[in-house]
Structures are given as C-alpha cells and as structure tokens.
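Input: a single structure, listed below in structure tokens.
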Amino acid sequence: MRGTFSPQTSAYRPKLPAYSRVRVRPFAFFSLTNLSSFPTQRLYPWPIGIQQSYSVFLRSNGSKNATASTEIGALFSLFQSLGLDEKEAEAILNRNPDIGSSDVKFLCNRIQGLQSAGLKDFVLSRLILKCPDILTAEEVGSLIKYIHGLGGKIESLQIKRLLLRTEPRFLAGFDKKVELLLQHGISREKIVYVLNNVNLSKAICCRSVQEIERMLAFLSCYDAVGIIAKWPLILNYDLDTQLVPRVGVLQKLSGDDKDGIGEVLNRLPKFLAYSVEHLQSHVELLRTCAGLSDQEIFKILVVFPSVMCCSKERKLRPRIDFLKECGLDAGEIYRLLRRRPTFLSLSFDKNLAYKLAMLTKIGYSYRTKELGIAMGAVSSTSFKSLQEAISLFLSYGFSYDDIVEMSTKHCQVLHYSPRSLEEKIEYLIEVMGREIGELLSFPAFLGYNLDTRIKHRYELSKKAVENNMSLNQLLAVSTEKFSKNSKYLVQVGGKSGEEDSDIDQVVR
C-alpha cells in the first residue's frame, strides 16, 4: 500500500554499490548542475534501514512517510554523489541533524557554491565529514558569495583550511573586515594575494573589526600599511604582544623617528618577524663590538635593515673584527657600513675570500686601513666585475701599483662597472685629448656621469677664455664656482653646489 512502511523494507539492507567511495554519479537522473531534472516522487534504492536515519526522517504515517522517504532518498543520493558511504552519511546526520530538515535543493546549491569555489568532490566530501555545519550555516553562504565577488581567485586550499579551522560563527563579517583593508589602501589586485598568504582564521575571522582597525592605525603612523601587500604574514601577528614591542626597538634607537622607522619597515617588512630578544641582541653587538651609537645603528638599519637577518657569530662579529684588525676606528667603521652595509651579509667562502685574494695580489697589504676600506668598496660588486676592471686598467698601461694608488685615493674606482670605466677613459683620451696619467692624480673622474657631468662641463669649458683647467677644476667644483673660474661667455645652468649622482658622497 502506498505511503505505508513495511517491516520487510527495514530488513532489506543491500550491500553498498562498488562506486560508493569514488567520485562518480551513480544516478544518471541526479545532477548538482541540473536541479530541474531532480526527481521528487521517486524512491531511491539506497539502504535506508538505519534506525537512526528513520528516527530523524520517518516521523509520521501515510503520505508524510512517502514524502520523508523521498527526501531521505534524495539526501542520501546527494551524499553518494560526493563519494560518501552509508556510515559516513549517518555520521554527518548525527553531528548536524539540521541537515535532515533542510531542503535538498538548498543543500545542492550550497554544495554547488563550495565546488565553484574550487573544492573538488573528494576534498569537499572529507570537509563535510569533518565539518558538516558548512552545509547549513548561513555564514558559510555569505563567505562563498563574497569569495565569488573577488573573482573566485582565493585558492581552494585556503578555503579548505579556513572552513576546517573556523567555527561558522566566526565567519560572520568576513567581507567587512576585508573591505577595511581595501579602505586603508590595499588595492583589489593585491587583496587576493594577501588573502592567499595569511592564516585567514587567525588574521581575519577570529579578530574583531576594532582589532583590525587598531593594527591598521598603528601601521599608518609609520606610513607602513602598504607592507601588508608586500608581506601579508604581518596580519598573523598580535599587535600588543608582538608588533608594538618590535617597533619599540626602532623607536628607542631613533628617538621615535617615524619617517625613518617607516623606511625600515617598508624596506624590510620581515623585520617585524624577529623577536625583541633577537633584535636587541644584534643591536648590542653593534654597540659593543663596533662601538656604534644608537643613532648610528639606526641610520645603518635605514639603508640596510637586513643586518638584523645576519648571523651574529658567523657574519657580524667576524666582519667587524676584520675591520678593527685593519685599523679602522668606530667612526670609520660606521662610515664604511653606512655606505657599503652589504659587507656584513656576504659569505666569506663564496664571495669575500676571492676579493680579498685579488686585492692582496695587486698590492694591498694585510691588516692595513687601506685594505679594510677597499674590501668595503668592492663588497657590492661581483668578483667577475672586479677582475674585469683590473684587467681593463692593465690594458691601458696601468701597473698594479697604479691601480692601488688610484683606488686608495678614490676607493670606488674598483666598484664601477668595466663598461662605464672604458667609456669614460675613451672619452678622456679621444675627445678631451687628455693624458691617461691624469687619472692617477684625479681618479674621481671615473665616478662622474659621462653625459650629464663630464661631457656637459667639457663642452662649456671650450667656450671659456681660459680652458686649460685640470680635471679636478673641471668636475669637482660647484656650478657657481666653476662658472666664475672658467669666465664663461654663456650662462651656466644648474643648481649651485650640485654634485653628480654617480659620485659616492662621504658619509659624515
């Protein structure tokens, strides 16, 4: 009789189909992507003799029983289409009974939404088994809708982790919190990168809007909100116990120089990944071993914050000890590190050892101040470039002693690229008609920009009444003084005292 329940039906427990654990669709008429073809009047041959299942679904007699049987058949077919077997389906219903009273079409739409977010059938089935609330929680629906609004570019692994780690109630307001980041200057192009590289549960969901606003306001003080786009992991850190104390180290060194602190953070956002103890120990080494003041340490950090990434015992201490053995005092060490801070971070075996051998080969003496300064100068050039520069000088007739003399007077000589050196030497000889030996008295010529300084000054000097100036007089003096000394017939443009950007200024 239609609408009645027979004990024989309860006793009938067919074995699960072979495909119940694989990602197939056992019923041709059932499709998550074609809900219009879903049958509403047909009973499915899925084993429904589970006592727990009946206690949930079959609560009345007559036509209601038939409707309930239809619903349970549709529900179990839905689970089966995801590769879930009978026991797993029962476990899901036990953990979230609301699924049993939910409209099957609603559940289909929810599963479709999760699948469109990138969760494949097997991953989704395991996720539902562990977190069945995702099928009914309203917050999950809002989350999926917002993710779709971002172009569906959030990685499926991130979505899986978020749903596994986060109770649905904490997903509420996810969209408002992300919009807060956008309002503070994170572009829509970057926001997806940010969301794909943070712990979404920790950084977004489990924090209130007020907590996120406080963090953004703190970073805004240092014009550093943009570092979130460079290094999204900063959002994982706690403001009060991690970020504020670490920035406090910089505040103490700088006297709360907000602009300088902002430069450090923007140059190296990962500075904030180091503990206060780590930062303070590096500062103390620079203070005691190198003899630097807090202000000097901070100025080095502004140009090279990665000094905090260097090993104290393998790099910092040996490099500073080397400079001290070469006879450099605290002031000279500071000036060298301010201009060439990468000297502290380079590998000795793979980099510095080769350069040290080359410098001693051409005539530098061990443990001399000249050697220490030269090592700092060549630290930011490759060994190959250093070899080529020395070979170039030799090809123009200079001896090793000449090269040492020039680089002692102007230590950056060995730092310049061989191509740039050759262009300037050729211009000096072929166009200006000068003797190459003039470089011995004024090697800084090789540091000026060829087009904007050397050529410009030389062309103007040809119009002067007296044009027999030395290279020093031609290039090193300010524009105002150069104009007076050369008795120009034409007005000289440019700002008084302007120096060429190619020349490394002495740090005072």
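For the structure tokens, the naming scheme is as follows: chains receive sequential letters (A, B, ...) according to their order of presentation, residues are indexed from 1 within each chain, and ligands are indexed from 1 in presentation order.
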Could you find all residues in segment 235-324 of chain A that DSSP calls alpha helix (DSSP H) from the backbone, and write them as a PyMOL selection string? chain A and resi 244-254+258-267+276-288+294-303+317-324
Output of the above residues as a PDB file, in the first residue's frame, restricted to C-alpha atoms:
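Saved the output as out-v7.pdb:
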ATOM      1  CA  VAL A 244      54.306  47.135  19.208  1.00  0.00           C
ATOM      2  CA  PRO A 245      57.320  45.799  21.192  1.00  0.00           C
ATOM      3  CA  ARG A 246      59.308  45.124  17.994  1.00  0.00           C
ATOM      4  CA  VAL A 247      58.688  48.583  16.606  1.00  0.00           C
ATOM      5  CA  GLY A 248      59.610  49.810  20.079  1.00  0.00           C
ATOM      6  CA  VAL A 249      63.199  48.673  19.451  1.00  0.00           C
ATOM      7  CA  LEU A 250      63.365  51.059  16.482  1.00  0.00           C
ATOM      8  CA  GLN A 251      61.708  53.837  18.460  1.00  0.00           C
ATOM      9  CA  LYS A 252      64.390  53.602  21.130  1.00  0.00           C
ATOM     10  CA  LEU A 253      67.244  53.608  18.597  1.00  0.00           C
ATOM     11  CA  SER A 254      65.875  56.504  16.564  1.00  0.00           C
ATOM     12  CA  LYS A 258      58.528  57.910  12.458  1.00  0.00           C
ATOM     13  CA  ASP A 259      59.755  58.580   8.920  1.00  0.00           C
ATOM     14  CA  GLY A 260      62.922  56.568   9.498  1.00  0.00           C
ATOM     15  CA  ILE A 261      61.010  53.713  11.116  1.00  0.00           C
ATOM     16  CA  GLY A 262      58.649  53.704   8.139  1.00  0.00           C
ATOM     17  CA  GLU A 263      61.636  53.399   5.790  1.00  0.00           C
ATOM     18  CA  VAL A 264      62.958  50.406   7.719  1.00  0.00           C
ATOM     19  CA  LEU A 265      59.573  48.655   7.687  1.00  0.00           C
ATOM     20  CA  ASN A 266      58.941  49.365   4.012  1.00  0.00           C
ATOM     21  CA  ARG A 267      62.412  48.186   3.012  1.00  0.00           C
ATOM     22  CA  VAL A 276      62.510  41.618  20.618  1.00  0.00           C
ATOM     23  CA  GLU A 277      65.270  39.448  22.081  1.00  0.00           C
ATOM     24  CA  HIS A 278      66.741  38.791  18.633  1.00  0.00           C
ATOM     25  CA  LEU A 279      66.681  42.470  17.672  1.00  0.00           C
ATOM     26  CA  GLN A 280      68.165  43.649  20.950  1.00  0.00           C
ATOM     27  CA  SER A 281      70.992  41.110  20.794  1.00  0.00           C
ATOM     28  CA  HIS A 282      72.010  42.352  17.320  1.00  0.00           C
ATOM     29  CA  VAL A 283      71.866  45.966  18.476  1.00  0.00           C
ATOM     30  CA  GLU A 284      74.009  45.153  21.496  1.00  0.00           C
ATOM     31  CA  LEU A 285      76.667  43.503  19.324  1.00  0.00           C
ATOM     32  CA  LEU A 286      76.885  46.546  17.030  1.00  0.00           C
ATOM     33  CA  ARG A 287      77.011  48.767  20.085  1.00  0.00           C
ATOM     34  CA  THR A 288      79.752  46.909  21.964  1.00  0.00           C
ATOM     35  CA  ASP A 294      72.123  54.063  18.826  1.00  0.00           C
ATOM     36  CA  GLN A 295      71.631  56.775  16.200  1.00  0.00           C
ATOM     37  CA  GLU A 296      74.425  55.337  14.044  1.00  0.00           C
ATOM     38  CA  ILE A 297      72.952  51.831  14.313  1.00  0.00           C
ATOM     39  CA  PHE A 298      69.556  53.177  13.280  1.00  0.00           C
ATOM     40  CA  LYS A 299      70.998  55.016  10.259  1.00  0.00           C
ATOM     41  CA  ILE A 300      72.597  51.757   9.104  1.00  0.00           C
ATOM     42  CA  LEU A 301      69.250  49.997   9.568  1.00  0.00           C
ATOM     43  CA  VAL A 302      67.510  52.619   7.427  1.00  0.00           C
ATOM     44  CA  VAL A 303      69.735  51.808   4.440  1.00  0.00           C
ATOM     45  CA  ARG A 317      81.282  39.667  14.604  1.00  0.00           C
ATOM     46  CA  PRO A 318      83.936  38.312  12.141  1.00  0.00           C
ATOM     47  CA  ARG A 319      83.345  41.197   9.679  1.00  0.00           C
ATOM     48  CA  ILE A 320      83.611  43.847  12.382  1.00  0.00           C
ATOM     49  CA  ASP A 321      86.686  42.167  13.880  1.00  0.00           C
ATOM     50  CA  PHE A 322      88.308  42.216  10.416  1.00  0.00           C
ATOM     51  CA  LEU A 323      87.743  45.956  10.063  1.00  0.00           C
ATOM     52  CA  LYS A 324      89.131  46.576  13.540  1.00  0.00           C
TER      53      LYS A 324
END
Using only C-alpha atoms, which residues sit within 10 Å of Gly113 of chain A once same-chain residues fewer than 3 positions away are excluded, as a list in words?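 In the requested form, the answer reads Leu107, Cys108, Asn109, Arg110, Ser116, Ala117, Gly118, Leu119, Val140, Gly141, Ile144, Lys145 and His148 of chain A.
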Using only C-alpha atoms, find the one residue out of A:Leu439, A:Cys310, A:Leu394, A:Val192 that sits nearest to Glu179 of chain A.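 Looking only at the distances to Glu179 of chain A, the closest residue turns out to be A:Val192.
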Write out as a tab-separated table the residues of segment 130-182 of chain A that have any atom within 10 Å of an atom of segment 91-101 of chain A, one row each with the nearest atom pair and its distance in Å to one decimal, counting only C-alpha atoms, sorted by chain and then rising number.
residue	atom	partner	partner_atom	distance
A:Lys130	CA	A:Ile92	CA	8.2
A:Cys131	CA	A:Ile92	CA	8.4
A:Pro132	CA	A:Ile92	CA	5.9
A:Asp133	CA	A:Asn96	CA	6.3
A:Ile134	CA	A:Asn96	CA	9.7
A:Leu135	CA	A:Ile99	CA	7.2
A:Thr136	CA	A:Ile99	CA	6.6
A:Ala137	CA	A:Asp98	CA	9.6
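Comparing A:Ser208, A:Asn199, A:Ser380, A:Asn472 by their smallest distance to Leu337 of chain A, the closest is A:Ser380 (using only C-alpha atoms).
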Excluding same-chain residues fewer than 3 positions from Glu211 of chain A, what lies within 12 Å of it counting only C-alpha atoms, as a compact mmCIF listing (two decimals) with N, CA and C atoms, in the first residue's frame?
# COMPACT_ATOMS: atom_id res chain seq x y z
N LYS A 177 35.59 42.96 7.13
CA LYS A 177 36.98 43.04 7.57
C LYS A 177 37.92 43.17 6.37
N LEU A 180 37.76 46.57 4.97
CA LEU A 180 38.53 47.50 5.79
C LEU A 180 39.96 47.62 5.28
N LYS A 202 43.04 33.09 11.76
CA LYS A 202 43.72 33.86 12.81
C LYS A 202 43.76 35.35 12.49
N ALA A 203 44.06 35.68 11.24
CA ALA A 203 44.28 37.08 10.88
C ALA A 203 42.99 37.86 10.64
N ILE A 204 41.95 37.18 10.16
CA ILE A 204 40.72 37.89 9.79
C ILE A 204 39.54 37.47 10.67
N CYS A 205 39.21 36.20 10.63
CA CYS A 205 37.95 35.75 11.22
C CYS A 205 37.90 35.86 12.74
N CYS A 206 38.97 35.48 13.40
CA CYS A 206 38.95 35.46 14.87
C CYS A 206 39.34 36.81 15.47
N ARG A 207 39.45 37.82 14.64
CA ARG A 207 39.70 39.18 15.13
C ARG A 207 38.47 40.04 14.88
N SER A 208 38.22 40.94 15.78
CA SER A 208 37.10 41.85 15.60
C SER A 208 37.49 42.97 14.63
N ARG A 214 42.71 48.85 14.78
CA ARG A 214 43.83 49.27 15.62
C ARG A 214 45.17 48.95 14.97
N MET A 215 45.27 47.76 14.38
CA MET A 215 46.52 47.38 13.71
C MET A 215 46.80 48.30 12.53
N LEU A 216 45.77 48.57 11.73
CA LEU A 216 45.96 49.44 10.57
C LEU A 216 46.31 50.86 10.99
N ALA A 217 45.72 51.34 12.07
CA ALA A 217 46.03 52.68 12.57
C ALA A 217 47.48 52.74 13.05
N PHE A 218 47.94 51.68 13.69
CA PHE A 218 49.33 51.62 14.18
C PHE A 218 50.31 51.68 13.01
N LEU A 235 49.79 40.21 9.17
CA LEU A 235 48.45 40.15 9.73
C LEU A 235 48.29 39.01 10.73
N TYR A 237 50.34 38.41 13.10
CA TYR A 237 50.96 38.78 14.37
C TYR A 237 50.01 39.57 15.25
N ASP A 238 50.22 39.42 16.55
CA ASP A 238 49.41 40.16 17.52
C ASP A 238 49.96 41.57 17.70
N LEU A 239 49.09 42.54 17.70
CA LEU A 239 49.53 43.93 17.78
C LEU A 239 50.22 44.24 19.10
N ASP A 240 49.58 43.91 20.21
CA ASP A 240 50.08 44.34 21.51
C ASP A 240 51.29 43.55 21.99
Could you check the closest approach to Arg419 of chain A for each of A:Ala476, A:Met308, A:Val431, A:Ala389 and tell me which residue wins, using only C-alpha atoms?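 Selected residue with least distance to Arg419 of chain A: A:Ala389.
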I'd like the interatomic distance between atom CA of Ile425 of chain A and atom CA of Leu475 of chain A, to a tenth of an Å.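 Between atom CA of Ile425 of chain A and atom CA of Leu475 of chain A the gap is 14.9 Å.
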Gap from atom CA of Ser478 of chain A to atom CA of Met432 of chain A - Å, one decimal: 20.6 Å
Which residues are close to Leu328 of chain A, i.e. within 9 Å by only C-alpha atoms, leaving aside same-chain residues fewer than 6 positions away? Reply as a ChimeraX atom specification. /A:368-369,372-373
Arg340 of chain A surroundings by only C-alpha atoms, 8 Å radius, close-in-sequence under 5 positions cut, as a compact mmCIF listing (two decimals) with N, CA and C atoms, in the first residue's frame:
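So the final result, stored in out18.txt, reads:
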# COMPACT_ATOMS: atom_id res chain seq x y z
N GLY A 376 85.47 47.05 1.75
CA GLY A 376 84.12 47.61 1.82
C GLY A 376 83.66 48.10 0.47
N ALA A 377 84.57 48.74 -0.28
CA ALA A 377 84.21 49.31 -1.59
C ALA A 377 83.81 48.24 -2.59
N SER A 379 82.62 45.29 -1.94
CA SER A 379 81.64 44.32 -1.43
C SER A 379 80.37 44.29 -2.26
N SER A 380 80.03 45.41 -2.90
CA SER A 380 78.77 45.45 -3.66
C SER A 380 78.97 45.21 -5.15
Please provide as a list in words all residues within 12 Å of Lys361 of chain A, with the sequence filter that same-chain residues fewer than 2 positions apart are discarded (counting only C-alpha atoms).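 In the requested form, the answer reads Tyr354, Lys355, Leu356, Ala357, Met358, Leu359, Gly363, Tyr364, Ser365, Tyr366, Leu371, Gln387, Ile390, Tyr400, Asp401, Ile403 and Val404 of chain A.
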Any chance you could export the current selection's N, CA and C atoms as a short mmCIF file (atom, residue, chain, number, x, y, z; two decimals), in the first residue's frame?
data_model
loop_
_atom_site.label_atom_id
_atom_site.label_comp_id
_atom_site.auth_asym_id
_atom_site.auth_seq_id
_atom_site.Cartn_x
_atom_site.Cartn_y
_atom_site.Cartn_z
N TYR A 354 87.54 35.57 -2.21
CA TYR A 354 88.09 35.77 -3.56
C TYR A 354 88.52 37.23 -3.76
N LYS A 355 87.70 38.15 -3.27
CA LYS A 355 88.03 39.57 -3.43
C LYS A 355 89.25 39.94 -2.58
N LEU A 356 89.33 39.37 -1.39
CA LEU A 356 90.49 39.63 -0.53
C LEU A 356 91.77 39.14 -1.20
N ALA A 357 91.71 37.97 -1.82
CA ALA A 357 92.88 37.42 -2.51
C ALA A 357 93.28 38.31 -3.69
N MET A 358 92.29 38.83 -4.43
CA MET A 358 92.59 39.69 -5.57
C MET A 358 93.22 41.01 -5.13
N LEU A 359 92.71 41.60 -4.06
CA LEU A 359 93.26 42.87 -3.58
C LEU A 359 94.69 42.71 -3.07
N GLY A 363 98.55 44.26 -4.60
CA GLY A 363 99.47 45.06 -3.79
C GLY A 363 98.97 45.57 -2.46
N TYR A 364 97.71 45.33 -2.12
CA TYR A 364 97.24 45.76 -0.80
C TYR A 364 97.87 44.89 0.28
N SER A 365 98.25 45.50 1.39
CA SER A 365 98.89 44.78 2.49
C SER A 365 97.85 44.34 3.51
N TYR A 366 98.11 43.19 4.12
CA TYR A 366 97.22 42.67 5.15
C TYR A 366 97.16 43.63 6.33
N LEU A 371 93.31 48.37 3.04
CA LEU A 371 92.69 47.09 2.67
C LEU A 371 91.27 47.01 3.19
N GLN A 387 87.53 41.58 -11.41
CA GLN A 387 88.59 41.07 -12.29
C GLN A 387 88.65 41.86 -13.60
N ILE A 390 90.11 45.42 -13.16
CA ILE A 390 91.58 45.40 -13.02
C ILE A 390 92.23 45.11 -14.37
N TYR A 400 99.93 47.40 -11.30
CA TYR A 400 99.22 47.08 -10.07
C TYR A 400 99.37 48.22 -9.06
N ASP A 401 100.58 48.77 -8.97
CA ASP A 401 100.81 49.87 -8.03
C ASP A 401 99.95 51.08 -8.38
N ILE A 403 97.06 51.00 -9.88
CA ILE A 403 95.67 50.68 -9.53
C ILE A 403 95.44 50.86 -8.03
N VAL A 404 96.41 50.40 -7.23
CA VAL A 404 96.30 50.57 -5.78
C VAL A 404 96.30 52.04 -5.41
#
